[in-house]
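One structure is given below, encoded as structure tokens.
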Amino acid sequence: MKSKQPFVRRPFEQVVAIHGPTVLRVCRAVLGPVDADDAWSETFLSALKAYADLPPDANVEAWLVTIAHRKAIDVTRTAARRARPTAELTDASSVPAADSHIDRTPVDVTTALAQLPPKQRQAIAYHYLAGLPYADVARILGGTTDAARRAAADGIANLRTHPDVGLPKFAEKRECR
Amino acid sequence: MNTHDDPARVLLRAFPDTPAHLHDLHDRLTARAQTDGVLDIAYRIVDSPIGGLLLAATDVGLVRVAFSHEDYDAVLQSLSDRISPRILDAPVRLDAAARELDEYFAGRRRTFDLPLDRRLARGFRRTVLLHLSEIDYGDTATYASVARLSGNPKAVRAVGTACATNPLPVVVPCHRVVRSDGTMGGYLGGVEAKRMLLALETA
């Protein structure tokens with residue numbers, strides 16, 4: 001009989017099944033829908049290659065988001081080298097409407113996100129969409145935990161300035177009372 | 001707390017799940033993994049007259065055939081532990097195996113012509129399993145005779161164990177091994193499955 005708890009690493013298929021949706025959301029939030037697919041594919045291919053060396057106690061989601069962060073930067077650079085108009089990122093018409101069963105809110109949020117400075121957009125995606133604590137977000141972005149928290153807070157404050165995002169301004173909340 | 005004022009909720013709604021799209025991305029991933037040589041184990045699940053079968057292959061060949069009652073998650077976890085966790089649901093690598101099994105179950109195939117990866121069986125068990133292919137389609141052999149074939153006539157119980165832990169059932173025909181008194185003996189896919197396979201082969 002084995003005396004120790006057996007060392008368990010899930011089959012990678014389960015990693016894709018469990019974390020694939022979240023990583024795609026993060027890629028979409030950071031890059032927009034056009035480049036998100038490439039970043040997602042590169043992230044999981046890279047993760048598959050490195051998977052056997054992942055420490056057993058690692059936080060798989062934080063690890064994947066870290067890879068996705070680097071891949072998103074690569075994808076952005078490649079896109080810039082191809083001299084693709086950056087307007088494509090912020091152009092609401094490039095959001096595939098067919099995928100979405102939700103009212104007009106999604107388009108508004110994605111557009112507003114695309115207009116944020118990259119660090120704010122990344123901090124929001126990693127904290128709110130991937131659910132990572134700010135300490136992990138800071139490790140991915142570089143800088144302090146406070147700086148990561150501030151970037152996300154500034155980003156959310158920026159989103160609140162857009163009337164259609166669905167995040168009411170603090171001022172309006174006060175008026176409601 | 002006003003629920004409309006929850007950033008996580010608003011953001012998650014803005015990026016809804018897209019299962020069909022993720023399925024496409026998964027297919028792209030398996031194709032890339034295969035091309036880049038980093039897909040250590042590909043698997044798929046097929047239907048058969050004796051129930052669902054999980055088929056798994058390394059780049060050497062078919063490494064595992066599992067019955068549904070074995071619990072596919074447990075089988076995949078065991079492959080992950082024993083061979084590699086770089087496992088994806090990637091049907092293409094199992095096309096030939098799935099086709100040959102279809103032909104076998106339809107009565108149009110008597111021997112399998114598939115590369116096999118026998119690494120999951122070691123020692124005497126491996127020897128036993130290698131000798132099973134000498135039992136022809138439609139024939140049966142007793143546990144005792146397989147023990148003799150395997151070079152250890154006294155190891156009748158060990159032959160039973162080798163058959164009961166055969167990583168490649170159906171393809172490596174442990175179902176053709178029966179008791180000396182003429183009764184079927186057990187089968188890891190269930191006695192009913194063994195009965196069906198033997199009936200198929202004598203039809």
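Ordered as shown in the structure tokens, chains take letters A, B, and onward, while each chain numbers its residues from 1 and ligands are numbered from 1 in the order shown.
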
At most 9 Å to chain B: residues in chain A, only C-alpha atoms, as a PyMOL selection string | chain A and resi 6-14+16+20-22+24-26+28-29+37+40-42+44-45+48-49+51-52+99-102+105-110+124-125+127-129+131+156+165-169

Quick one: everything within 8 Å of segment 170-174 of chain B, counting only C-alpha atoms, minus sequence neighbours fewer than 3 positions away in the same chain. Send it as a PyMOL selection string.
-> chain B and resi 65+112+129+132-133+135+163+166+177

Just asking: which residues within segment 30-199 of chain B are helix (DSSP H, G or I) according to DSSP, as a VMD selection string?
-> chain B and resid 30 to 35 68 to 70 72 to 82 91 to 105 123 to 132 143 to 149 156 to 164 174 to 176 191 to 199

Keeping C-alpha atoms for every residue in the selection just given, could you write it to a file as a compact mmCIF listing (two decimals), in the first residue's frame?
```txt
# COMPACT_ATOMS: atom_id res chain seq x y z
CA THR B 30 -5.82 19.01 -30.38
CA ALA B 31 -4.74 19.42 -34.01
CA ARG B 32 -1.89 21.74 -32.99
CA ALA B 33 -0.87 19.46 -30.11
CA GLN B 34 -0.73 16.50 -32.46
CA THR B 35 1.33 18.42 -35.04
CA SER B 68 -17.91 2.30 -19.14
CA HIS B 69 -18.37 0.70 -15.72
CA GLU B 70 -14.64 1.14 -15.08
CA TYR B 72 -13.74 6.85 -17.54
CA ASP B 73 -12.52 9.63 -15.23
CA ALA B 74 -10.69 7.07 -13.10
CA VAL B 75 -9.24 5.41 -16.20
CA LEU B 76 -7.97 8.75 -17.57
CA GLN B 77 -6.55 9.69 -14.17
CA SER B 78 -4.72 6.38 -14.06
CA LEU B 79 -3.28 7.01 -17.57
CA SER B 80 -2.26 10.47 -16.38
CA ASP B 81 -0.49 9.02 -13.34
CA ARG B 82 1.15 6.09 -15.11
CA PRO B 91 -10.67 11.36 -31.82
CA VAL B 92 -8.57 11.38 -34.98
CA ARG B 93 -5.76 9.24 -33.56
CA LEU B 94 -8.34 6.56 -32.71
CA ASP B 95 -10.01 6.49 -36.13
CA ALA B 96 -8.41 3.19 -37.17
CA ALA B 97 -9.14 1.53 -33.82
CA ALA B 98 -12.76 2.70 -33.88
CA ARG B 99 -13.19 1.46 -37.45
CA GLU B 100 -11.69 -1.96 -36.73
CA LEU B 101 -13.86 -2.37 -33.62
CA ASP B 102 -16.93 -1.46 -35.67
CA GLU B 103 -15.99 -4.11 -38.22
CA TYR B 104 -15.34 -6.65 -35.46
CA PHE B 105 -18.70 -6.05 -33.80
CA GLY B 123 6.10 -9.17 -16.17
CA PHE B 124 4.14 -12.40 -16.23
CA ARG B 125 0.88 -10.58 -16.93
CA ARG B 126 2.40 -9.14 -20.07
CA THR B 127 3.60 -12.60 -21.12
CA VAL B 128 0.11 -14.00 -20.60
CA LEU B 129 -1.50 -11.22 -22.64
CA LEU B 130 0.99 -11.73 -25.48
CA HIS B 131 -0.05 -15.40 -25.69
CA LEU B 132 -3.77 -14.60 -25.83
CA TYR B 143 -6.91 -20.63 -17.82
CA ALA B 144 -4.76 -23.73 -17.28
CA SER B 145 -3.80 -24.05 -20.93
CA VAL B 146 -2.92 -20.36 -21.14
CA ALA B 147 -0.74 -20.87 -18.04
CA ARG B 148 1.04 -23.69 -19.90
CA LEU B 149 1.39 -21.53 -23.05
CA VAL B 156 -3.48 -20.56 -13.30
CA ARG B 157 -4.63 -17.91 -10.84
CA ALA B 158 -2.08 -15.46 -12.19
CA VAL B 159 -3.54 -15.99 -15.66
CA GLY B 160 -6.93 -15.08 -14.20
CA THR B 161 -5.44 -11.91 -12.76
CA ALA B 162 -3.73 -11.04 -16.05
CA CYS B 163 -7.05 -11.40 -17.87
CA ALA B 164 -8.92 -9.41 -15.22
CA CYS B 174 -9.02 -12.28 -22.80
CA HIS B 175 -12.70 -13.05 -23.35
CA ARG B 176 -11.58 -16.29 -25.06
CA VAL B 191 -20.15 -11.78 -17.79
CA GLU B 192 -22.90 -10.69 -20.19
CA ALA B 193 -20.34 -8.88 -22.37
CA LYS B 194 -18.15 -11.99 -22.42
CA ARG B 195 -21.13 -14.12 -23.43
CA MET B 196 -21.96 -11.66 -26.26
CA LEU B 197 -18.40 -11.62 -27.57
CA LEU B 198 -18.13 -15.41 -27.59
CA ALA B 199 -21.53 -15.68 -29.27
```

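Comparing A:Asp74, A:Asp164, A:Glu61, A:Asp53 by their smallest distance to Asp35 of chain A, the closest is A:Asp74 (using only C-alpha atoms).
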
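Counting only C-alpha atoms and comparing A:Val34, A:Ala123, A:Ile140, A:Pro118, the residue that lies closest to Thr66 of chain A is A:Ile140.
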
Those of chain B in DSSP strand (DSSP E), formatted as a ChimeraX atom specification | /B:41-46,53-57,62-67,87-89,141-142,177-178

Near-Ala135 of chain A list (9 Å; only C-alpha atoms; drop same-chain fewer than 2 positions) as a PyMOL selection string | chain A and resi 132-133+137-140+144-146+148-149

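If you look at atom CA of Ala114 of chain A and atom CA of Leu31 of chain A, they are 7.7 Å away from each other.
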
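Take atom CA of Lys119 of chain A and atom CA of Leu141 of chain A: the distance between them is 7.6 Å.
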
What does the distance between atom CA of Val65 of chain A and atom CA of Ala39 of chain A come to in Å, to one decimal place?
-> 10.8 Å

Which residues come within 10 Å of Arg119 of chain B, counting only C-alpha atoms, excluding same-chain residues fewer than 4 positions away, as a ChimeraX atom specification?
-> /B:60,63-64,82-83,126,167

Once you have the residues from the selection above, write them out as a PDB file, in the first residue's frame, restricted to N, CA, C and O atoms.
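result.pdb written:
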```
ATOM      1  N   VAL B  60       2.789   5.389 -29.806  1.00  0.00           N
ATOM      2  CA  VAL B  60       3.192   4.017 -30.146  1.00  0.00           C
ATOM      3  C   VAL B  60       2.006   3.235 -30.691  1.00  0.00           C
ATOM      4  O   VAL B  60       2.115   2.514 -31.683  1.00  0.00           O
ATOM      5  N   VAL B  63      -3.312   1.972 -26.305  1.00  0.00           N
ATOM      6  CA  VAL B  63      -2.726   1.652 -24.995  1.00  0.00           C
ATOM      7  C   VAL B  63      -3.782   1.192 -23.995  1.00  0.00           C
ATOM      8  O   VAL B  63      -3.474   0.511 -23.030  1.00  0.00           O
ATOM      9  N   ARG B  64      -5.053   1.554 -24.256  1.00  0.00           N
ATOM     10  CA  ARG B  64      -6.090   1.226 -23.271  1.00  0.00           C
ATOM     11  C   ARG B  64      -7.441   1.157 -23.949  1.00  0.00           C
ATOM     12  O   ARG B  64      -7.790   2.029 -24.762  1.00  0.00           O
ATOM     13  N   ARG B  82       0.200   7.135 -14.713  1.00  0.00           N
ATOM     14  CA  ARG B  82       1.147   6.088 -15.109  1.00  0.00           C
ATOM     15  C   ARG B  82       1.934   6.427 -16.365  1.00  0.00           C
ATOM     16  O   ARG B  82       3.041   5.931 -16.559  1.00  0.00           O
ATOM     17  N   ILE B  83       1.371   7.243 -17.270  1.00  0.00           N
ATOM     18  CA  ILE B  83       2.068   7.532 -18.531  1.00  0.00           C
ATOM     19  C   ILE B  83       2.370   9.023 -18.662  1.00  0.00           C
ATOM     20  O   ILE B  83       3.530   9.433 -18.674  1.00  0.00           O
ATOM     21  N   ARG B 126       2.123  -9.525 -18.690  1.00  0.00           N
ATOM     22  CA  ARG B 126       2.405  -9.140 -20.071  1.00  0.00           C
ATOM     23  C   ARG B 126       2.616 -10.379 -20.939  1.00  0.00           C
ATOM     24  O   ARG B 126       2.108 -10.471 -22.057  1.00  0.00           O
ATOM     25  N   PRO B 167      -5.258  -4.426 -20.044  1.00  0.00           N
ATOM     26  CA  PRO B 167      -5.497  -3.022 -20.412  1.00  0.00           C
ATOM     27  C   PRO B 167      -6.158  -2.863 -21.779  1.00  0.00           C
ATOM     28  O   PRO B 167      -6.653  -1.786 -22.102  1.00  0.00           O
TER      29      PRO B 167
END
```
